[in-house]
Amino acid sequence: MADPSHIASRPAPGLIASNLRRMALSEHLVLWLCLVYFAVMAPFVPGFASPENLVNLFVALLPLFLVALGQTFVLITGGIDLSVTSIIALTSVVGAGVMNGHTGWLAGHPLAGLAAVLVMIALGAGIGALNGLAVTGLRMPAFIVTLTGMMFFSGLAVWFTQSKNIGNLPASFNRLGGNPWLAGAIAGIVGIFAHRMLTRSLFGRWLFATGHNARAAFISGVPVRGTTVVAYVVSGFCAALAAVLYTGQAETGSPVLGQRLLLDVIGAVVLGGTSLFGGRGRVLWTLCGVLFFKLVDNSLNLLNLSIFTITMVKGGVILFAALLDAARHRLTGRNA
Amino acid sequence: MNPPDALELAGLEKSYAGVRVLRGIGLVVPAGHTLGLVGENGAGKSTLLNILGGIVRPDAGQMMLDGRPHAPASPAAASRAGVAFIHQELNLFPNLSIAENIFLTDFPRAARTPVIDRRELRRRTAGLLAELGLDLSPDLPVGQLSTGQCQLVEIAKALSREAGLIILDEPTTSLSARETAILFTLMARLKERRIAMIFVSHVLGDVLRHCDDIAVLRDGAMVGQGPVREFTIERLVSLMVGRSLAQLFPERKGAPADEPALEVRHVSEPHIVHDISFTLRRGEVLGLAGMMGAGRSELARILFGLDPHASGEIVIAGQPAGRDPPSRRIRNGLAFLTEDRRAEGLCLDAAIADNIALVTLRDRTRTVLRLLDFKRSRQAVNTMWQAVRLSESAAPDQPVRTLSGGNQQKVVLAKWLLAKPRVLILDEPTRGVDVGAKFELYQLILELADQGAGVLLVSSEIEELMGLCDRILVMNRGELRDELARSEFSQERILQAALPLEETRE
């Protein structure tokens, strides 16, 4: 018989408390929060619910979703990838360096855009592989590996461009990020594929087992190291793909692209319900987390608040996410 | 008038989500008495102890401690009231010294300042350690102590707070024979100081030898209580499980075949194991006896490929293992139930079904993306669920953490049985498992052997080895010292080979 003291270690709550509790534990909590937030704010924020704004919101949400998606894979293994922003910056300028119309290596070539995308993705995945190998092979903490990686690669991006933006990119490339249909299709396909891999594939199970208990997983024959490396490669890949969208939207390769993005990424993933301790995470949760973040961001922007105020509010949202995560742990009786 | 009893409970009730886990518990522990508290896992022992220790609050009932009402609101309050709770998993800080651990919440200070009086701290700790007969420096970091020594430090902590009631929750599970003996001597000394104790253990012999009174819990109710002379092991077991167990070990049906399942030739690793050679045959249950630290678990880990070995050869079902990692050895038919199921056996927060499926997942995938075949997976898990007779009330998507120790161990076993192993290494498979579940685990182990697998059983319980094995090897200081066929089994001979020479001379 299961010892019930592990299931619940507090007295039975009242009706309201139990409903709140069910809501707090619900998988769709963040989706509810998004709806409530939108409904409450729409009357007060001019243009919040207008079709143009919603399309803008959608387009702006996609690249953040892609980065957050990759981050989700790494968080599930119990690691963290702080280098994603530097991957975005570096792949952005390298891609622009390949295809721009002035100085690009393939300037004017009809396939310059495609070549640039491939180079960017290979570079992002490669940096991810380096991160993963350093974490597993050298047994270094993910925090340090990816923090130093972030410093190095963002420095490299600035050095590479002499701190200048690179414009004059092929129109076909810019459409990838700028056209809502194209960008939506890219993010959608990647999102659905990632979802299927997480929930239905052998790799997905190995990923969760590694995050739950790497030691037990290894003893059960799970290739823990390989699984972990792949998680970082996925993160690098997704960051590079996000860079494709961001760069297309800005129509410039920028060495400081994504510089302020890191907390948005991790905040959105954790807000969605993915655990910082590993073993828990879903694509849909991350999508909801990103949606909530972008809703807050967008509405505050429309209110003409300063960037500092917005940052403060976002900080509050991340704190809220962390509190929520801790509270969920307590409610499920898992004292992490 | 008599002095008040150290502890008196009446009508204690506790329910979780409508399930009554304690039903009107009444209990008396006179000062200076040791109460043995026994019961299967899930009988309500932990809940009862947690209530005494202020971790859980009861729904109803009275508690009196030394004649005063006891209703602790927190563990700290219970501790102030004089209850010391020594948990199975010790609550010490490995990075702090013995002295700091003992006085953590109550450092001796220089008068009216927040500055710790180091000299006084050391003096008082040394006094306590001397009282317990522990020859250790107060400044030694706890991380450098053995589990047994940590236990004694916990007791020193209890003494420093002048606890009137000490709760020992399965204190001997991780102790060596020698450390256990020291613990019991110490308990006798505490008793002389009129300290009451509650001793919880699955080792019924210890309970009968070292307690004054015994209380038996079953399904949340007190089913037997009285002075120790009224009890025997048989009576305790039948009270605990609610029926009399005809025997402690199941009948063996099959017999070992001649073909080897696992061959170990001259395996050595400096300072760990020395020149180990033996052959485990198909259908054989081979026991590995020895004291803690004799190198049994270390040998098991080397066989599974978790730790390296400097020389020698390991052959699994005819395949030389070389330097293969565990994953390759698993595919060759090796399985390993580790000593520490929480840290190494299970993903505690993952679902039961996912844990059972983990080892054999890769055999149930389709297409290049290796998508899982959920239908086959579910069938496989269900078959195993029934095969290991996992608790009916548990659901496949429930986290393993919510199961009792015995059921958790069945999950680990199910996970390996699903891989149809040809060689199964079991390291202390019944540790922390109650009597009823033990018997079921034994049955499963013997069934596997009857189906032709070789079983290597590492255990610290000699009765268990003698009850299950066809042959027993005895390890001592990294070497094989003795080998006994079933007809030669004797506790004396095993102990003789297992004990270090200086201890046999005593």
# chains A, B, ... in the order shown; residues from 1 in each chain; ligands from 1
>>> residues_around(residues="stretch 340-345 of chain B", least_positions_apart="3", cutoff="10 Å", atoms="only C-alpha atoms", output="PyMOL selection string")
(chain A and resi 213-220) or (chain B and resi 336-337+348+355+400-401+405+408-409+411-413+415+427-429+431)
>>> interface_residues(of="chain B", to="chain A", cutoff="8 Å", atoms="only C-alpha atoms", output="count of residues only")
40
>>> atom_distance(atom1="atom CA of B:Ile472", atom2="atom CA of B:Ala317")
20.6 Å
>>> atom_distance(atom1="atom CA of B:Glu463", atom2="atom CA of B:Thr147")
23.5 Å
>>> select_by_dssp(residues="stretch 198-384 of chain B", states="alpha helix (DSSP H)", output="ChimeraX atom specification")
/B:204-210,233-241,296-304,326-331,352-357,374-384
>>> write_last_selection(atoms="N, CA and C atoms", output="compact mmCIF listing (two decimals), in the first residue's frame")
# COMPACT_ATOMS: atom_id res chain seq x y z
N LEU B 204 13.48 -8.16 13.37
CA LEU B 204 12.67 -8.48 14.55
C LEU B 204 13.52 -9.04 15.69
N GLY B 205 14.58 -9.76 15.35
CA GLY B 205 15.47 -10.30 16.38
C GLY B 205 16.03 -9.19 17.25
N ASP B 206 16.45 -8.10 16.61
CA ASP B 206 16.99 -6.96 17.36
C ASP B 206 15.93 -6.37 18.28
N VAL B 207 14.71 -6.27 17.76
CA VAL B 207 13.63 -5.69 18.55
C VAL B 207 13.41 -6.54 19.80
N LEU B 208 13.39 -7.87 19.62
CA LEU B 208 13.13 -8.76 20.76
C LEU B 208 14.28 -8.71 21.76
N ARG B 209 15.50 -8.57 21.27
CA ARG B 209 16.65 -8.58 22.17
C ARG B 209 16.82 -7.28 22.95
N HIS B 210 16.47 -6.14 22.32
CA HIS B 210 16.89 -4.88 22.92
C HIS B 210 15.76 -3.99 23.43
N ILE B 233 9.24 -14.18 17.45
CA ILE B 233 9.31 -13.72 16.05
C ILE B 233 8.06 -14.16 15.30
N GLU B 234 7.67 -15.43 15.50
CA GLU B 234 6.51 -15.95 14.78
C GLU B 234 5.26 -15.12 15.11
N ARG B 235 5.09 -14.81 16.39
CA ARG B 235 3.90 -14.06 16.78
C ARG B 235 3.94 -12.64 16.19
N LEU B 236 5.14 -12.02 16.22
CA LEU B 236 5.26 -10.68 15.65
C LEU B 236 4.90 -10.69 14.17
N VAL B 237 5.45 -11.67 13.46
CA VAL B 237 5.20 -11.72 12.02
C VAL B 237 3.71 -11.90 11.76
N SER B 238 3.08 -12.81 12.49
CA SER B 238 1.67 -13.04 12.20
C SER B 238 0.82 -11.83 12.60
N LEU B 239 1.22 -11.10 13.64
CA LEU B 239 0.51 -9.86 13.99
C LEU B 239 0.69 -8.81 12.91
N MET B 240 1.91 -8.73 12.38
CA MET B 240 2.20 -7.69 11.39
C MET B 240 1.46 -7.91 10.08
N VAL B 241 1.45 -9.17 9.62
CA VAL B 241 0.85 -9.41 8.31
C VAL B 241 -0.60 -9.85 8.44
N ARG B 296 31.84 -6.32 -1.64
CA ARG B 296 30.78 -7.02 -2.39
C ARG B 296 30.08 -6.09 -3.37
N SER B 297 29.63 -4.93 -2.88
CA SER B 297 28.96 -3.98 -3.77
C SER B 297 29.91 -3.49 -4.83
N GLU B 298 31.16 -3.28 -4.44
CA GLU B 298 32.17 -2.80 -5.39
C GLU B 298 32.35 -3.83 -6.51
N LEU B 299 32.39 -5.12 -6.13
CA LEU B 299 32.52 -6.18 -7.13
C LEU B 299 31.32 -6.17 -8.07
N ALA B 300 30.13 -6.01 -7.49
CA ALA B 300 28.92 -5.99 -8.31
C ALA B 300 28.98 -4.85 -9.32
N ARG B 301 29.47 -3.70 -8.88
CA ARG B 301 29.54 -2.54 -9.79
C ARG B 301 30.56 -2.77 -10.89
N ILE B 302 31.65 -3.45 -10.55
CA ILE B 302 32.66 -3.77 -11.57
C ILE B 302 32.05 -4.73 -12.60
N LEU B 303 31.31 -5.73 -12.12
CA LEU B 303 30.72 -6.70 -13.04
C LEU B 303 29.76 -6.02 -14.00
N PHE B 304 29.07 -4.99 -13.54
CA PHE B 304 28.09 -4.32 -14.37
C PHE B 304 28.73 -3.25 -15.26
N PRO B 326 27.71 -0.18 -19.28
CA PRO B 326 26.52 -0.91 -18.82
C PRO B 326 25.50 -1.17 -19.93
N SER B 327 25.28 -0.18 -20.83
CA SER B 327 24.23 -0.36 -21.83
C SER B 327 24.51 -1.59 -22.70
N ARG B 328 25.78 -1.82 -23.08
CA ARG B 328 26.11 -3.00 -23.89
C ARG B 328 25.96 -4.27 -23.07
N ARG B 329 26.34 -4.23 -21.81
CA ARG B 329 26.20 -5.42 -20.96
C ARG B 329 24.74 -5.79 -20.76
N ILE B 330 23.90 -4.76 -20.69
CA ILE B 330 22.46 -5.01 -20.55
C ILE B 330 21.97 -5.77 -21.78
N ARG B 331 22.45 -5.37 -22.97
CA ARG B 331 22.01 -6.06 -24.19
C ARG B 331 22.53 -7.48 -24.24
N ILE B 352 5.24 5.23 -12.55
CA ILE B 352 5.60 3.83 -12.33
C ILE B 352 5.82 3.15 -13.69
N ALA B 353 4.87 3.36 -14.61
CA ALA B 353 4.94 2.69 -15.91
C ALA B 353 6.21 3.10 -16.66
N ASP B 354 6.57 4.39 -16.60
CA ASP B 354 7.77 4.84 -17.30
C ASP B 354 9.02 4.21 -16.70
N ASN B 355 9.03 4.04 -15.39
CA ASN B 355 10.18 3.39 -14.76
C ASN B 355 10.30 1.94 -15.19
N ILE B 356 9.17 1.25 -15.23
CA ILE B 356 9.21 -0.17 -15.61
C ILE B 356 9.66 -0.31 -17.06
N ALA B 357 9.25 0.62 -17.91
CA ALA B 357 9.53 0.49 -19.35
C ALA B 357 10.95 0.91 -19.71
N PHE B 374 3.30 2.60 -28.17
CA PHE B 374 2.68 2.71 -26.85
C PHE B 374 1.87 1.49 -26.49
N LYS B 375 1.25 0.89 -27.50
CA LYS B 375 0.39 -0.26 -27.21
C LYS B 375 1.24 -1.41 -26.65
N ARG B 376 2.33 -1.69 -27.36
CA ARG B 376 3.19 -2.78 -26.88
C ARG B 376 3.79 -2.44 -25.53
N SER B 377 4.13 -1.17 -25.35
CA SER B 377 4.74 -0.75 -24.10
C SER B 377 3.76 -0.97 -22.94
N ARG B 378 2.49 -0.58 -23.19
CA ARG B 378 1.50 -0.72 -22.13
C ARG B 378 1.29 -2.20 -21.79
N GLN B 379 1.22 -3.01 -22.85
CA GLN B 379 1.05 -4.45 -22.61
C GLN B 379 2.20 -5.00 -21.77
N ALA B 380 3.42 -4.62 -22.16
CA ALA B 380 4.59 -5.13 -21.45
C ALA B 380 4.54 -4.72 -19.99
N VAL B 381 4.21 -3.45 -19.75
CA VAL B 381 4.15 -2.97 -18.36
C VAL B 381 3.06 -3.71 -17.59
N ASN B 382 1.93 -3.91 -18.22
CA ASN B 382 0.84 -4.62 -17.54
C ASN B 382 1.23 -6.04 -17.17
N THR B 383 1.87 -6.73 -18.10
CA THR B 383 2.31 -8.10 -17.83
C THR B 383 3.22 -8.13 -16.60
N MET B 384 4.17 -7.18 -16.59
CA MET B 384 5.11 -7.15 -15.47
C MET B 384 4.42 -6.77 -14.17
>>> atom_distance(atom1="atom CA of B:Thr338", atom2="atom CA of B:Leu426")
6.6 Å
>>> closest_residue(among="A:Thr72, A:Ser50, A:Asn131, A:Ser18", to="A:Leu284", atoms="only C-alpha atoms")
A:Thr72
>>> residues_around(residues="B:Leu132", least_positions_apart="5", cutoff="10 Å", atoms="only C-alpha atoms", output="VMD selection string")
chain B and resid 126 to 127 152 to 153 155 to 156 159 182 to 183 185 to 187 189 to 190
>>> write_last_selection(atoms="N, CA and C atoms", output="compact mmCIF listing (two decimals), in the first residue's frame")
# COMPACT_ATOMS: atom_id res chain seq x y z
N ALA B 126 33.44 17.38 23.27
CA ALA B 126 34.35 16.32 23.69
C ALA B 126 33.73 15.54 24.84
N GLY B 127 33.07 16.26 25.77
CA GLY B 127 32.41 15.60 26.89
C GLY B 127 31.36 14.62 26.42
N LEU B 152 25.77 7.99 15.68
CA LEU B 152 26.15 8.26 17.06
C LEU B 152 26.22 9.77 17.30
N VAL B 153 26.64 10.51 16.28
CA VAL B 153 26.65 11.98 16.43
C VAL B 153 25.21 12.48 16.62
N ILE B 155 22.89 10.89 18.05
CA ILE B 155 22.51 10.58 19.43
C ILE B 155 23.16 11.59 20.39
N ALA B 156 24.40 11.95 20.09
CA ALA B 156 25.07 12.96 20.92
C ALA B 156 24.27 14.26 20.89
N LEU B 159 21.43 13.93 23.17
CA LEU B 159 21.86 14.05 24.56
C LEU B 159 22.11 15.50 24.93
N ILE B 182 27.77 -1.42 18.65
CA ILE B 182 28.07 -0.20 19.43
C ILE B 182 26.78 0.56 19.73
N LEU B 183 25.91 0.62 18.73
CA LEU B 183 24.64 1.34 18.92
C LEU B 183 23.84 0.73 20.06
N THR B 185 24.91 -1.08 22.61
CA THR B 185 25.55 -0.80 23.90
C THR B 185 25.15 0.60 24.37
N LEU B 186 25.18 1.50 23.42
CA LEU B 186 24.86 2.89 23.72
C LEU B 186 23.41 3.03 24.17
N MET B 187 22.53 2.30 23.49
CA MET B 187 21.12 2.36 23.87
C MET B 187 20.95 1.88 25.31
N ARG B 189 23.10 2.18 27.64
CA ARG B 189 23.58 3.24 28.53
C ARG B 189 22.55 4.38 28.66
N LEU B 190 21.91 4.71 27.55
CA LEU B 190 20.88 5.76 27.58
C LEU B 190 19.75 5.34 28.51
>>> residues_around(residues="stretch 257-259 of chain A", least_positions_apart="5", cutoff="12 Å", atoms="only C-alpha atoms", output="PyMOL selection string")
chain A and resi 63-64+67+82-93+150-151+153-155+157-158+163-166+239-240+242-252+264-265
>>> decode(residues="stretch 225-240 of chain A", atoms="N, CA and C atoms", output="PDB file, in the first residue's frame")
ATOM      1  N   ARG A 225      24.929  10.573 -21.781  1.00  0.00           N
ATOM      2  CA  ARG A 225      25.778  11.620 -22.365  1.00  0.00           C
ATOM      3  C   ARG A 225      25.282  12.032 -23.737  1.00  0.00           C
ATOM      4  N   GLY A 226      25.025  11.050 -24.582  1.00  0.00           N
ATOM      5  CA  GLY A 226      24.559  11.347 -25.936  1.00  0.00           C
ATOM      6  C   GLY A 226      23.262  12.136 -25.892  1.00  0.00           C
ATOM      7  N   THR A 227      22.353  11.722 -25.021  1.00  0.00           N
ATOM      8  CA  THR A 227      21.066  12.399 -24.906  1.00  0.00           C
ATOM      9  C   THR A 227      21.266  13.854 -24.514  1.00  0.00           C
ATOM     10  N   THR A 228      22.166  14.071 -23.544  1.00  0.00           N
ATOM     11  CA  THR A 228      22.400  15.434 -23.084  1.00  0.00           C
ATOM     12  C   THR A 228      23.000  16.291 -24.204  1.00  0.00           C
ATOM     13  N   VAL A 229      23.974  15.729 -24.931  1.00  0.00           N
ATOM     14  CA  VAL A 229      24.590  16.485 -26.018  1.00  0.00           C
ATOM     15  C   VAL A 229      23.524  16.877 -27.040  1.00  0.00           C
ATOM     16  N   VAL A 230      22.654  15.923 -27.387  1.00  0.00           N
ATOM     17  CA  VAL A 230      21.618  16.220 -28.380  1.00  0.00           C
ATOM     18  C   VAL A 230      20.720  17.362 -27.886  1.00  0.00           C
ATOM     19  N   ALA A 231      20.420  17.385 -26.578  1.00  0.00           N
ATOM     20  CA  ALA A 231      19.581  18.466 -26.049  1.00  0.00           C
ATOM     21  C   ALA A 231      20.220  19.829 -26.312  1.00  0.00           C
ATOM     22  N   TYR A 232      21.538  19.932 -26.105  1.00  0.00           N
ATOM     23  CA  TYR A 232      22.210  21.216 -26.354  1.00  0.00           C
ATOM     24  C   TYR A 232      22.264  21.525 -27.840  1.00  0.00           C
ATOM     25  N   VAL A 233      22.413  20.469 -28.671  1.00  0.00           N
ATOM     26  CA  VAL A 233      22.408  20.689 -30.121  1.00  0.00           C
ATOM     27  C   VAL A 233      21.037  21.233 -30.538  1.00  0.00           C
ATOM     28  N   VAL A 234      19.972  20.653 -29.997  1.00  0.00           N
ATOM     29  CA  VAL A 234      18.624  21.137 -30.314  1.00  0.00           C
ATOM     30  C   VAL A 234      18.501  22.601 -29.921  1.00  0.00           C
ATOM     31  N   SER A 235      19.037  22.945 -28.740  1.00  0.00           N
ATOM     32  CA  SER A 235      18.958  24.325 -28.279  1.00  0.00           C
ATOM     33  C   SER A 235      19.696  25.254 -29.235  1.00  0.00           C
ATOM     34  N   GLY A 236      20.903  24.853 -29.656  1.00  0.00           N
ATOM     35  CA  GLY A 236      21.675  25.671 -30.594  1.00  0.00           C
ATOM     36  C   GLY A 236      20.960  25.793 -31.930  1.00  0.00           C
ATOM     37  N   PHE A 237      20.403  24.680 -32.394  1.00  0.00           N
ATOM     38  CA  PHE A 237      19.665  24.665 -33.653  1.00  0.00           C
ATOM     39  C   PHE A 237      18.491  25.633 -33.587  1.00  0.00           C
ATOM     40  N   CYS A 238      17.715  25.543 -32.524  1.00  0.00           N
ATOM     41  CA  CYS A 238      16.534  26.393 -32.384  1.00  0.00           C
ATOM     42  C   CYS A 238      16.933  27.869 -32.283  1.00  0.00           C
ATOM     43  N   ALA A 239      18.040  28.144 -31.568  1.00  0.00           N
ATOM     44  CA  ALA A 239      18.488  29.531 -31.447  1.00  0.00           C
ATOM     45  C   ALA A 239      18.870  30.069 -32.823  1.00  0.00           C
ATOM     46  N   ALA A 240      19.537  29.242 -33.616  1.00  0.00           N
ATOM     47  CA  ALA A 240      19.946  29.684 -34.951  1.00  0.00           C
ATOM     48  C   ALA A 240      18.721  29.942 -35.828  1.00  0.00           C
TER      49      ALA A 240
END
